[in-house]
Structure formats: C-alpha cells, structure tokens
>>> print(open('upload24.tsv').read())   # TSV, C-alpha atoms
chain	number	residue	atom	x	y	z
A	1	MET	CA	-36.16	-82.05	86.30
A	2	ALA	CA	-32.73	-80.43	86.25
A	3	LEU	CA	-31.20	-77.48	84.54
A	4	CYS	CA	-28.46	-78.08	82.03
A	5	LYS	CA	-25.47	-77.37	84.29
A	6	ALA	CA	-22.20	-79.26	84.21
A	7	SER	CA	-18.49	-78.65	84.53
A	8	VAL	CA	-17.94	-79.47	80.85
A	9	GLN	CA	-17.62	-76.55	78.45
A	10	THR	CA	-20.00	-75.53	75.66
A	11	LEU	CA	-18.37	-76.71	72.44
A	12	VAL	CA	-20.93	-75.62	69.82
A	13	SER	CA	-21.04	-71.91	68.94
A	14	VAL	CA	-24.68	-71.85	67.78
A	15	GLU	CA	-27.40	-73.77	69.59
A	16	PRO	CA	-28.51	-76.57	67.25
A	17	GLU	CA	-32.15	-77.36	66.62
A	18	PRO	CA	-33.45	-80.92	67.04
A	19	VAL	CA	-33.52	-82.97	63.84
A	20	PHE	CA	-35.62	-85.75	65.41
A	21	THR	CA	-38.64	-85.64	67.72
A	22	SER	CA	-37.45	-88.83	69.40
A	23	VAL	CA	-34.56	-91.30	69.28
A	24	LYS	CA	-33.75	-94.68	70.79
A	25	THR	CA	-30.15	-95.60	71.51
A	26	PHE	CA	-28.23	-98.59	72.84
A	27	ALA	CA	-24.91	-98.76	74.69
A	28	PRO	CA	-23.05	-102.03	75.34
A	29	ALA	CA	-21.68	-103.62	78.49
A	30	THR	CA	-17.96	-103.24	79.05
A	31	VAL	CA	-15.11	-105.16	80.64
A	32	ALA	CA	-12.73	-102.75	82.37
A	33	ASN	CA	-9.17	-103.26	83.60
A	34	LEU	CA	-8.66	-106.53	81.66
A	35	GLY	CA	-6.33	-107.69	84.41
A	36	PRO	CA	-3.20	-105.49	84.47
A	37	GLY	CA	-4.88	-102.53	82.73
A	38	PHE	CA	-6.42	-101.01	85.86
A	39	ASP	CA	-8.19	-97.73	85.01
A	40	PHE	CA	-6.59	-97.45	81.56
A	41	LEU	CA	-7.83	-100.41	79.47
A	42	GLY	CA	-11.32	-101.58	78.65
A	43	CYS	CA	-13.43	-103.12	75.90
A	44	ALA	CA	-17.08	-103.35	74.84
A	45	VAL	CA	-19.08	-106.59	74.81
A	46	ASP	CA	-21.73	-107.37	72.19
A	47	GLY	CA	-25.34	-108.16	73.01
A	48	LEU	CA	-25.61	-106.82	76.57
A	49	GLY	CA	-26.39	-103.24	77.53
A	50	ASP	CA	-28.87	-100.43	78.21
A	51	HIS	CA	-31.39	-98.55	76.05
A	52	VAL	CA	-32.44	-94.91	76.26
A	53	THR	CA	-35.46	-93.36	74.57
A	54	LEU	CA	-35.25	-89.57	74.36
A	55	ARG	CA	-37.98	-87.18	73.22
A	56	VAL	CA	-38.38	-83.50	72.55
A	57	ASP	CA	-41.05	-82.70	75.13
A	58	PRO	CA	-42.92	-79.36	75.09
A	59	SER	CA	-44.20	-80.08	78.62
A	60	VAL	CA	-40.62	-80.02	79.96
A	61	ARG	CA	-39.15	-76.59	80.60
A	62	ALA	CA	-36.59	-75.42	78.04
A	63	GLY	CA	-33.04	-76.47	78.87
A	64	GLU	CA	-34.17	-79.17	81.28
A	65	VAL	CA	-34.23	-82.98	81.35
A	66	LEU	CA	-37.01	-85.11	82.84
A	67	ILE	CA	-36.52	-88.83	83.51
A	68	SER	CA	-40.01	-90.18	83.01
A	69	GLU	CA	-39.52	-93.95	83.36
A	70	ILE	CA	-36.95	-96.58	84.38
A	71	THR	CA	-37.55	-100.23	83.48
A	72	GLY	CA	-35.54	-103.43	83.16
A	73	THR	CA	-33.18	-105.20	85.56
A	74	THR	CA	-33.64	-102.56	88.25
A	75	THR	CA	-36.17	-99.85	88.94
A	76	LYS	CA	-34.67	-98.62	92.22
A	77	LEU	CA	-32.57	-95.95	90.51
A	78	SER	CA	-33.39	-92.31	91.20
A	79	THR	CA	-35.40	-90.42	88.59
A	80	ASN	CA	-33.67	-87.22	89.69
A	81	PRO	CA	-31.46	-86.38	86.68
A	82	LEU	CA	-28.74	-85.06	89.00
A	83	ARG	CA	-28.53	-88.45	90.73
A	84	ASN	CA	-28.97	-90.75	87.76
A	85	CYS	CA	-26.17	-91.80	85.40
A	86	ALA	CA	-28.26	-91.25	82.28
A	87	GLY	CA	-29.52	-87.90	83.55
A	88	ILE	CA	-26.07	-86.58	84.45
A	89	ALA	CA	-24.65	-87.55	81.05
A	90	ALA	CA	-27.66	-86.10	79.21
A	91	ILE	CA	-27.29	-82.80	81.06
A	92	ALA	CA	-23.56	-82.68	80.36
A	93	THR	CA	-24.15	-83.32	76.65
A	94	MET	CA	-26.80	-80.58	76.54
A	95	LYS	CA	-24.28	-78.23	78.14
A	96	MET	CA	-21.66	-79.09	75.50
A	97	LEU	CA	-24.22	-78.41	72.77
A	98	GLY	CA	-25.44	-75.20	74.41
A	99	ILE	CA	-29.07	-76.35	74.53
A	100	ARG	CA	-31.27	-73.73	76.20
A	101	SER	CA	-34.45	-73.68	74.09
A	102	VAL	CA	-35.61	-77.31	74.20
A	103	GLY	CA	-36.83	-79.59	76.98
A	104	LEU	CA	-36.25	-83.35	76.84
A	105	SER	CA	-37.83	-86.37	78.50
A	106	LEU	CA	-35.90	-89.60	78.89
A	107	ASP	CA	-36.83	-93.26	79.44
A	108	LEU	CA	-34.10	-95.64	80.62
A	109	HIS	CA	-34.32	-99.40	80.10
A	110	LYS	CA	-31.68	-101.23	82.13
A	111	GLY	CA	-30.35	-104.38	80.52
A	112	LEU	CA	-27.48	-104.59	83.01
A	113	PRO	CA	-27.77	-105.17	86.76
A	114	LEU	CA	-26.15	-102.74	89.16
A	115	GLY	CA	-22.77	-103.64	90.66
A	116	SER	CA	-22.12	-106.43	88.17
A	117	GLY	CA	-18.67	-105.39	86.99
A	118	LEU	CA	-20.01	-104.96	83.44
A	119	GLY	CA	-20.13	-101.16	83.30
A	120	SER	CA	-23.81	-100.70	84.18
A	121	SER	CA	-23.49	-97.01	85.02
A	122	ALA	CA	-21.35	-96.36	81.94
A	123	ALA	CA	-23.88	-98.04	79.64
A	124	SER	CA	-26.66	-95.77	80.91
A	125	ALA	CA	-24.47	-92.69	80.57
A	126	ALA	CA	-23.23	-93.65	77.10
A	127	ALA	CA	-26.73	-94.34	75.76
A	128	ALA	CA	-27.98	-91.00	77.13
A	129	ALA	CA	-25.06	-88.95	75.80
A	130	VAL	CA	-25.39	-90.46	72.33
A	131	ALA	CA	-29.17	-89.94	72.39
A	132	VAL	CA	-28.85	-86.21	73.11
A	133	ASN	CA	-26.15	-85.86	70.46
A	134	GLU	CA	-28.25	-87.70	67.85
A	135	ILE	CA	-31.43	-85.76	68.49
A	136	PHE	CA	-29.56	-82.51	67.80
A	137	GLY	CA	-27.85	-83.67	64.62
A	138	ARG	CA	-24.70	-85.39	65.85
A	139	LYS	CA	-22.60	-82.25	66.43
A	140	LEU	CA	-20.16	-83.83	68.89
A	141	VAL	CA	-17.53	-86.47	68.15
A	142	ARG	CA	-17.28	-89.60	70.26
A	143	GLU	CA	-14.28	-88.41	72.27
A	144	GLU	CA	-16.32	-85.39	73.35
A	145	LEU	CA	-19.18	-87.64	74.38
A	146	VAL	CA	-16.77	-89.57	76.59
A	147	LEU	CA	-16.19	-86.33	78.51
A	148	ALA	CA	-19.93	-86.05	79.07
A	149	GLY	CA	-20.03	-89.65	80.27
A	150	LEU	CA	-17.14	-88.99	82.64
A	151	GLU	CA	-19.32	-86.41	84.40
A	152	SER	CA	-21.58	-89.31	85.33
A	153	GLU	CA	-18.82	-91.78	86.22
A	154	ALA	CA	-17.11	-89.22	88.48
A	155	LYS	CA	-20.24	-88.92	90.61
A	156	VAL	CA	-21.03	-92.63	90.71
A	157	SER	CA	-17.83	-94.69	90.74
A	158	GLY	CA	-14.87	-92.37	90.24
A	159	TYR	CA	-13.19	-90.41	87.44
A	160	HIS	CA	-12.10	-93.29	85.23
A	161	ALA	CA	-12.87	-93.88	81.57
A	162	ASP	CA	-12.13	-97.58	81.11
A	163	ASN	CA	-15.88	-98.30	81.01
A	164	ILE	CA	-17.36	-95.17	79.46
A	165	ALA	CA	-14.79	-94.88	76.64
A	166	PRO	CA	-15.37	-98.36	75.16
A	167	ALA	CA	-19.12	-98.09	75.85
A	168	ILE	CA	-19.23	-95.06	73.54
A	169	MET	CA	-16.44	-95.90	71.09
A	170	GLY	CA	-16.66	-99.71	70.93
A	171	GLY	CA	-13.80	-102.19	70.74
A	172	PHE	CA	-10.74	-101.91	72.96
A	173	VAL	CA	-9.73	-98.47	74.22
A	174	LEU	CA	-6.51	-97.37	75.93
A	175	ILE	CA	-6.76	-94.27	78.12
A	176	ARG	CA	-3.32	-92.71	77.69
A	177	ASN	CA	-4.01	-89.62	79.77
A	178	TYR	CA	-6.80	-88.01	81.78
A	179	GLU	CA	-5.65	-84.38	81.91
A	180	PRO	CA	-6.26	-83.72	79.11
A	181	LEU	CA	-8.24	-86.79	78.14
A	182	ASP	CA	-6.33	-88.76	75.51
A	183	LEU	CA	-7.95	-91.93	74.15
A	184	LYS	CA	-6.38	-94.51	71.86
A	185	PRO	CA	-8.69	-97.05	70.18
A	186	LEU	CA	-7.01	-100.45	69.73
A	187	ARG	CA	-8.28	-102.31	66.68
A	188	PHE	CA	-8.62	-106.07	67.05
A	189	PRO	CA	-8.09	-107.61	63.57
A	190	GLU	CA	-11.29	-108.34	61.63
A	191	ASP	CA	-10.12	-111.80	60.58
A	192	LYS	CA	-9.46	-112.99	64.15
A	193	GLU	CA	-11.98	-114.44	66.58
A	194	LEU	CA	-12.36	-113.44	70.24
A	195	PHE	CA	-15.07	-114.48	72.67
A	196	PHE	CA	-15.70	-113.46	76.26
A	197	VAL	CA	-17.13	-115.94	78.75
A	198	LEU	CA	-18.97	-113.82	81.32
A	199	VAL	CA	-20.11	-115.48	84.54
A	200	SER	CA	-22.10	-113.30	86.91
A	201	PRO	CA	-22.84	-114.59	90.43
A	202	GLU	CA	-25.71	-113.45	92.65
A	203	PHE	CA	-23.42	-111.19	94.66
A	204	GLU	CA	-23.00	-107.44	94.60
A	205	ALA	CA	-19.54	-105.89	94.60
A	206	PRO	CA	-19.96	-102.10	94.89
A	207	THR	CA	-17.24	-100.26	92.99
A	208	LYS	CA	-16.46	-97.95	95.91
A	209	LYS	CA	-15.98	-100.90	98.27
A	210	MET	CA	-13.78	-102.77	95.78
A	211	ARG	CA	-11.64	-99.68	95.15
A	212	ALA	CA	-11.20	-99.18	98.88
A	213	ALA	CA	-9.58	-102.62	99.07
A	214	LEU	CA	-6.76	-101.67	96.72
A	215	PRO	CA	-3.21	-101.28	98.08
A	216	THR	CA	-1.87	-97.75	98.45
A	217	GLU	CA	1.68	-98.89	97.70
A	218	ILE	CA	3.04	-101.69	95.53
A	219	PRO	CA	6.51	-103.26	95.29
A	220	MET	CA	8.65	-102.19	92.35
A	221	VAL	CA	8.84	-105.79	91.14
A	222	HIS	CA	5.03	-105.89	90.85
A	223	HIS	CA	4.99	-102.55	89.05
A	224	VAL	CA	7.48	-103.85	86.48
A	225	TRP	CA	5.57	-107.11	86.09
A	226	ASN	CA	2.18	-105.45	85.60
A	227	SER	CA	3.63	-102.92	83.16
A	228	SER	CA	5.05	-105.73	81.03
A	229	GLN	CA	1.74	-107.62	81.10
A	230	ALA	CA	-0.23	-104.51	80.13
A	231	ALA	CA	2.15	-103.96	77.21
A	232	ALA	CA	1.73	-107.61	76.18
A	233	LEU	CA	-2.04	-107.18	76.38
A	234	VAL	CA	-1.98	-104.20	74.01
A	235	ALA	CA	0.27	-106.09	71.60
A	236	ALA	CA	-2.05	-109.10	71.73
A	237	VAL	CA	-5.09	-106.96	70.89
A	238	LEU	CA	-3.37	-105.32	67.92
A	239	GLU	CA	-2.09	-108.67	66.61
A	240	GLY	CA	-5.33	-110.54	67.29
A	241	ASP	CA	-3.46	-113.04	69.46
A	242	ALA	CA	-6.16	-114.39	71.78
A	243	VAL	CA	-3.74	-116.77	73.53
A	244	MET	CA	-1.31	-114.01	74.52
A	245	LEU	CA	-4.24	-111.75	75.41
A	246	GLY	CA	-5.50	-114.40	77.82
A	247	LYS	CA	-2.11	-114.93	79.42
A	248	ALA	CA	-1.66	-111.21	80.00
A	249	LEU	CA	-5.23	-110.79	81.25
A	250	SER	CA	-4.62	-113.54	83.84
A	251	SER	CA	-1.36	-112.11	85.15
A	252	ASP	CA	-2.31	-109.11	87.31
A	253	LYS	CA	-0.30	-109.05	90.56
A	254	VAL	CA	-1.66	-105.77	91.94
A	255	VAL	CA	-5.46	-105.47	91.78
A	256	GLU	CA	-6.88	-108.97	91.31
A	257	PRO	CA	-5.06	-110.49	94.34
A	258	THR	CA	-6.72	-107.95	96.66
A	259	ARG	CA	-10.19	-108.15	95.13
A	260	ALA	CA	-10.57	-111.88	94.41
A	261	PRO	CA	-10.79	-112.88	98.11
A	262	LEU	CA	-13.76	-110.48	98.49
A	263	ILE	CA	-15.78	-112.44	95.89
A	264	PRO	CA	-16.68	-115.92	97.23
A	265	GLY	CA	-15.28	-118.62	94.98
A	266	MET	CA	-13.51	-116.29	92.51
A	267	GLU	CA	-10.11	-117.96	92.80
A	268	ALA	CA	-11.68	-121.40	92.21
A	269	VAL	CA	-13.65	-120.01	89.26
A	270	LYS	CA	-10.48	-118.75	87.64
A	271	LYS	CA	-8.78	-122.10	88.16
A	272	ALA	CA	-11.79	-123.92	86.68
A	273	ALA	CA	-11.80	-121.66	83.61
A	274	LEU	CA	-8.11	-122.25	82.91
A	275	GLU	CA	-8.39	-126.00	83.45
A	276	ALA	CA	-11.34	-126.08	81.03
A	277	GLY	CA	-9.19	-124.48	78.32
A	278	ALA	CA	-9.69	-120.74	78.68
A	279	PHE	CA	-6.73	-118.67	77.49
A	280	GLY	CA	-7.12	-116.45	80.53
A	281	CYS	CA	-9.51	-115.37	83.27
A	282	THR	CA	-9.83	-112.42	85.63
A	283	ILE	CA	-12.35	-110.18	87.38
A	284	SER	CA	-14.42	-107.95	85.09
A	285	GLY	CA	-14.10	-104.40	86.34
A	286	ALA	CA	-14.63	-104.28	90.09
A	287	GLY	CA	-16.49	-107.60	89.97
A	288	PRO	CA	-18.19	-109.83	90.84
A	289	THR	CA	-18.47	-111.01	87.20
A	290	ALA	CA	-15.62	-113.25	86.10
A	291	VAL	CA	-14.44	-112.96	82.50
A	292	ALA	CA	-12.54	-115.59	80.53
A	293	VAL	CA	-11.35	-115.38	76.92
A	294	ILE	CA	-11.36	-117.99	74.17
A	295	ASP	CA	-11.45	-118.08	70.36
A	296	ALA	CA	-14.48	-120.36	69.83
A	297	ALA	CA	-18.06	-119.94	71.07
A	298	GLU	CA	-18.68	-123.68	71.62
A	299	LYS	CA	-15.60	-123.99	73.81
A	300	GLY	CA	-16.70	-120.86	75.64
A	301	GLU	CA	-20.00	-122.49	76.60
A	302	GLU	CA	-18.15	-125.46	78.13
A	303	ILE	CA	-15.86	-123.11	80.04
A	304	GLY	CA	-18.86	-121.16	81.30
A	305	GLU	CA	-20.45	-124.33	82.70
A	306	ARG	CA	-17.28	-125.16	84.65
A	307	MET	CA	-17.11	-121.61	86.02
A	308	VAL	CA	-20.76	-121.71	87.15
A	309	GLU	CA	-20.11	-125.03	88.91
A	310	ALA	CA	-17.09	-123.55	90.71
A	311	PHE	CA	-19.01	-120.52	91.93
A	312	MET	CA	-21.62	-122.84	93.47
A	313	ARG	CA	-19.21	-125.47	94.79
A	314	VAL	CA	-16.72	-123.12	96.45
A	315	GLY	CA	-18.52	-119.79	96.82
A	316	ASN	CA	-22.04	-121.19	97.35
A	317	LEU	CA	-23.24	-118.63	94.79
A	318	LYS	CA	-25.71	-119.14	91.97
A	319	SER	CA	-24.45	-117.63	88.73
A	320	VAL	CA	-25.29	-117.33	85.06
A	321	ALA	CA	-22.92	-117.64	82.12
A	322	CYS	CA	-23.02	-116.21	78.64
A	323	VAL	CA	-20.58	-116.12	75.73
A	324	LYS	CA	-20.29	-112.84	73.84
A	325	LYS	CA	-18.18	-111.37	71.07
A	326	LEU	CA	-16.34	-108.06	71.08
A	327	ASP	CA	-18.64	-105.10	70.34
A	328	LYS	CA	-16.76	-103.04	67.74
A	329	VAL	CA	-19.43	-100.34	67.30
A	330	GLY	CA	-20.14	-98.90	70.75
A	331	ALA	CA	-23.17	-96.80	71.65
A	332	ARG	CA	-25.41	-96.21	68.66
A	333	LEU	CA	-28.72	-95.00	67.32
A	334	VAL	CA	-31.32	-97.78	67.14
A	335	SER	CA	-34.31	-95.87	65.76
A	336	SER	CA	-35.54	-92.32	65.27
A	337	VAL	CA	-38.60	-90.28	64.39
A	338	SER	CA	-37.97	-87.27	62.16
A	339	ARG	CA	-39.52	-83.89	62.85
>>> encode(input="upload24.tsv", output="structure tokens")
Amino acid sequence: MALCKASVQTLVSVEPEPVFTSVKTFAPATVANLGPGFDFLGCAVDGLGDHVTLRVDPSVRAGEVLISEITGTTTKLSTNPLRNCAGIAAIATMKMLGIRSVGLSLDLHKGLPLGSGLGSSAASAAAAAVAVNEIFGRKLVREELVLAGLESEAKVSGYHADNIAPAIMGGFVLIRNYEPLDLKPLRFPEDKELFFVLVSPEFEAPTKKMRAALPTEIPMVHHVWNSSQAAALVAAVLEGDAVMLGKALSSDKVVEPTRAPLIPGMEAVKKAALEAGAFGCTISGAGPTAVAVIDAAEKGEEIGERMVEAFMRVGNLKSVACVKKLDKVGARLVSSVSR
C-alpha cells in the first residue's frame, strides 16, 4: 500500500465522495513518434490495451491504494503501487482529487506485453487514472488526467506524453509544450479510413536502451527535413490523407536510422511492407513493433503477412500481425457498480 503522495497539485477544493463502489476501465494501446514526431506525436489504436478494476475497499487504509492482483500478458510487475505504472497514476489522481478519507484496491489486467513499443506502461497508467476519476464522479478533465499519467511515465520511461496523452484522449495528439503541458488533439476525418498494421516480434526493446541509442546532435539538414515531414504528417491527419500520412511516417532521418539496426530484420520488414503496398512503415514507439498504414483492412492483412515473413527471414524472429483502426475514444469506463 502507498500513501497518496505525488508532485502533482490538488485541483479539487472539496474532497469528493465516491459515486461508485467499483468501476472497470479500459485504455488502448498507442503508437508514439509516428516517424518524425519523436516525443510530440502519438495516436491510440483500437482493440488492444489494458483493463483496471478499482474498488472502494474498507480494509485498505484511508488515502491509500492497494494493488491486489495483476493478470494477463505479464504477472512479473511489482504490486508495490510506488513501482507500478497503474499504482503511480492512481496515487497521482487521488492527490489531484484530494482523496484522504477512502482506501482503494486495484486489479490490473495486462492486455499489452512489456517493451512492445505499443505504450504498455501508458495503457496501465491511463486506465488507472480514469478509474480513480470515474469512481469519484469524474471531477477532472482529460488533460488533467494526462498529468497524472505523466507521473507514471516519468518514473518508467521518461517524461514524455506521446503515449499517455492519446491513451487517455484517443485519436491523434500533438504535444505542443511540456512546461506547461499543452496538448492539441488532431481530428482525423470521420469519413476517411485508416488502418494500422502492427507486427510485433518476439524481441524486447527496452525504452531506456532505445533512447540511449539516439544521437545527441543532428545535422541542420536533417532537422529541416524532419520538421517538414512532421508538418506534413499533421496536415495529413487533419485532411484524412492516408497516403501522405504514410509517406511522412516513413521519412524520419533522425530516430529510426539509429534504432532500426537494433531490431533484427526491421529494415527488411519496412521494405517488405512498402513493396506489399503499405503507404508507409516505421517503428512504433521505441520498438520492436513495426507499424504500417493503409486504408483497407484486407490489404492490411496481406501487408502483415509479408512483414511477418521478413522478420523471420532476415531477423530470425517469430512475430504476430494484427490490423487495427484508430481508437478515437481513449481510456473509458467499461462498467460500474453504484453505491
């Protein structure tokens, strides 16, 4: 158990009472960076993610959180709330709400593997933050919940919001500034189609290791190039232009070139995706998952098969492929039990 202490500030003047005895929430996987958008662009992916079940628990001391169970893709995570993504985010959200009179117990069900490049830590944090907010009557707005999630990300993989922001808010999110946090949702048009082909190999790429590989200096010509591609990516999202989005996503000259060689077969996988008709392909987050974009699910399945073959042929890695749509909702309440 852990006391409700965090660096975030209390934002609610009067401590709210719980409106539910228990809630279940879901938070989606995310694709961060999107090629040239390192640390400032990300999006949520439908159908993959983590669940949190949160209960008002009289056996837990007031103002504390107890992680009672972890199930799913991994059970090796710590149940110490101060060392668990869900626990850290839950504590931070309690601090923002000023909760001192209620104890909570939390169950985490992992739908995402660790170190996959799909925002596993952010999904846990997002589901927990939303669960605490829901159980106390939804007093905080989503941007405030991102701050709570950042408490978790800072301790696990660094102070960056390109996973946690879309995990909570859904869709595409641009992080314009960190101090103070300034988030800009980017709305992909409702009448346009966009599919992500996600291919995850049996290979772990720890975020800290992948960040350590990044260059400390870049040539001005690469800065100009990446800036133009990031701008094109934003324009493509707003216009619903999947072809331009893919071209921009594939055109990173700063981060991807240093990380791809660390993932066996990644360069061949990207080539296979493009040759199979993908509009673009890059590394999802810090990897090792490869992400390609297309505008039709059937074509996406064919592209996924070619990418899986390339991972095995060149990288000698088994991998699994799936085709998913953009998640436009973000973390949300799944079920609740009223008091």
>>> residues_around(input="upload24.tsv", residues="segment 88-93 of chain A", least_positions_apart="5", cutoff="10 Å", atoms="all atoms listed in the file", output="VMD selection string")
chain A and resid 2 to 11 54 63 to 65 80 to 83 98 to 99 104 106 122 124 to 133 140 144 to 153 155
>>> write_last_selection(input="upload24.tsv", atoms="C-alpha atoms", output="compact mmCIF listing (two decimals), keeping the file's coordinate frame")
# COMPACT_ATOMS: atom_id res chain seq x y z
CA ALA A 2 -32.73 -80.43 86.25
CA LEU A 3 -31.20 -77.48 84.54
CA CYS A 4 -28.46 -78.08 82.03
CA LYS A 5 -25.47 -77.37 84.29
CA ALA A 6 -22.20 -79.26 84.21
CA SER A 7 -18.49 -78.65 84.53
CA VAL A 8 -17.94 -79.47 80.85
CA GLN A 9 -17.62 -76.55 78.45
CA THR A 10 -20.00 -75.53 75.66
CA LEU A 11 -18.37 -76.71 72.44
CA LEU A 54 -35.25 -89.57 74.36
CA GLY A 63 -33.04 -76.47 78.87
CA GLU A 64 -34.17 -79.17 81.28
CA VAL A 65 -34.23 -82.98 81.35
CA ASN A 80 -33.67 -87.22 89.69
CA PRO A 81 -31.46 -86.38 86.68
CA LEU A 82 -28.74 -85.06 89.00
CA ARG A 83 -28.53 -88.45 90.73
CA GLY A 98 -25.44 -75.20 74.41
CA ILE A 99 -29.07 -76.35 74.53
CA LEU A 104 -36.25 -83.35 76.84
CA LEU A 106 -35.90 -89.60 78.89
CA ALA A 122 -21.35 -96.36 81.94
CA SER A 124 -26.66 -95.77 80.91
CA ALA A 125 -24.47 -92.69 80.57
CA ALA A 126 -23.23 -93.65 77.10
CA ALA A 127 -26.73 -94.34 75.76
CA ALA A 128 -27.98 -91.00 77.13
CA ALA A 129 -25.06 -88.95 75.80
CA VAL A 130 -25.39 -90.46 72.33
CA ALA A 131 -29.17 -89.94 72.39
CA VAL A 132 -28.85 -86.21 73.11
CA ASN A 133 -26.15 -85.86 70.46
CA LEU A 140 -20.16 -83.83 68.89
CA GLU A 144 -16.32 -85.39 73.35
CA LEU A 145 -19.18 -87.64 74.38
CA VAL A 146 -16.77 -89.57 76.59
CA LEU A 147 -16.19 -86.33 78.51
CA ALA A 148 -19.93 -86.05 79.07
CA GLY A 149 -20.03 -89.65 80.27
CA LEU A 150 -17.14 -88.99 82.64
CA GLU A 151 -19.32 -86.41 84.40
CA SER A 152 -21.58 -89.31 85.33
CA GLU A 153 -18.82 -91.78 86.22
CA LYS A 155 -20.24 -88.92 90.61
>>> residues_around(input="upload24.tsv", residues="Phe172 of chain A", least_positions_apart="3", cutoff="8 Å", atoms="all atoms listed in the file", output="JSON list (two decimals) with C-alpha atoms, in the coordinates of the input")
[["chain", "number", "residue", "atom", "x", "y", "z"],
["A", 41, "LEU", "CA", -7.83, -100.41, 79.47],
["A", 42, "GLY", "CA", -11.32, -101.58, 78.65],
["A", 43, "CYS", "CA", -13.43, -103.12, 75.90],
["A", 44, "ALA", "CA", -17.08, -103.35, 74.84],
["A", 166, "PRO", "CA", -15.37, -98.36, 75.16],
["A", 185, "PRO", "CA", -8.69, -97.05, 70.18],
["A", 186, "LEU", "CA", -7.01, -100.45, 69.73],
["A", 187, "ARG", "CA", -8.28, -102.31, 66.68],
["A", 188, "PHE", "CA", -8.62, -106.07, 67.05],
["A", 237, "VAL", "CA", -5.09, -106.96, 70.89]]
>>> closest_residue(input="upload24.tsv", among="A:Asn84, A:Thr25, A:Asn33, A:Asn226", to="Thr282 of chain A", atoms="all atoms listed in the file")
A:Asn33
>>> closest_residue(input="upload24.tsv", among="A:Val45, A:Met96, A:Leu249, A:Val56", to="Ser338 of chain A", atoms="all atoms listed in the file")
A:Val56
>>> closest_residue(input="upload24.tsv", among="A:Glu134, A:Glu202, A:Glu17, A:Glu256", to="Val308 of chain A", atoms="all atoms listed in the file")
A:Glu202
>>> closest_residue(input="upload24.tsv", among="A:Leu97, A:Leu194, A:Ala242, A:Leu181", to="Ile135 of chain A", atoms="only C-alpha atoms")
A:Leu97
>>> atom_distance(input="upload24.tsv", atom1="atom CA of Phe26 of chain A", atom2="atom CA of Gly115 of chain A")
19.3 Å
>>> residues_around(input="upload24.tsv", residues="segment 293-296 of chain A", least_positions_apart="4", cutoff="10 Å", atoms="only C-alpha atoms", output="VMD selection string")
chain A and resid 192 to 198 241 to 243 245 to 247 249 to 250 273 to 274 277 to 282 300 to 301 303 323 to 325
>>> atom_distance(input="upload24.tsv", atom1="atom CA of Arg100 of chain A", atom2="atom CA of Ser157 of chain A")
28.8 Å
>>> atom_distance(input="upload24.tsv", atom1="atom CA of Ala331 of chain A", atom2="atom CA of Glu190 of chain A")
19.4 Å
>>> closest_residue(input="upload24.tsv", among="A:Cys322, A:Met266, A:Ala230, A:Phe311", to="Gly35 of chain A", atoms="only C-alpha atoms")
A:Ala230
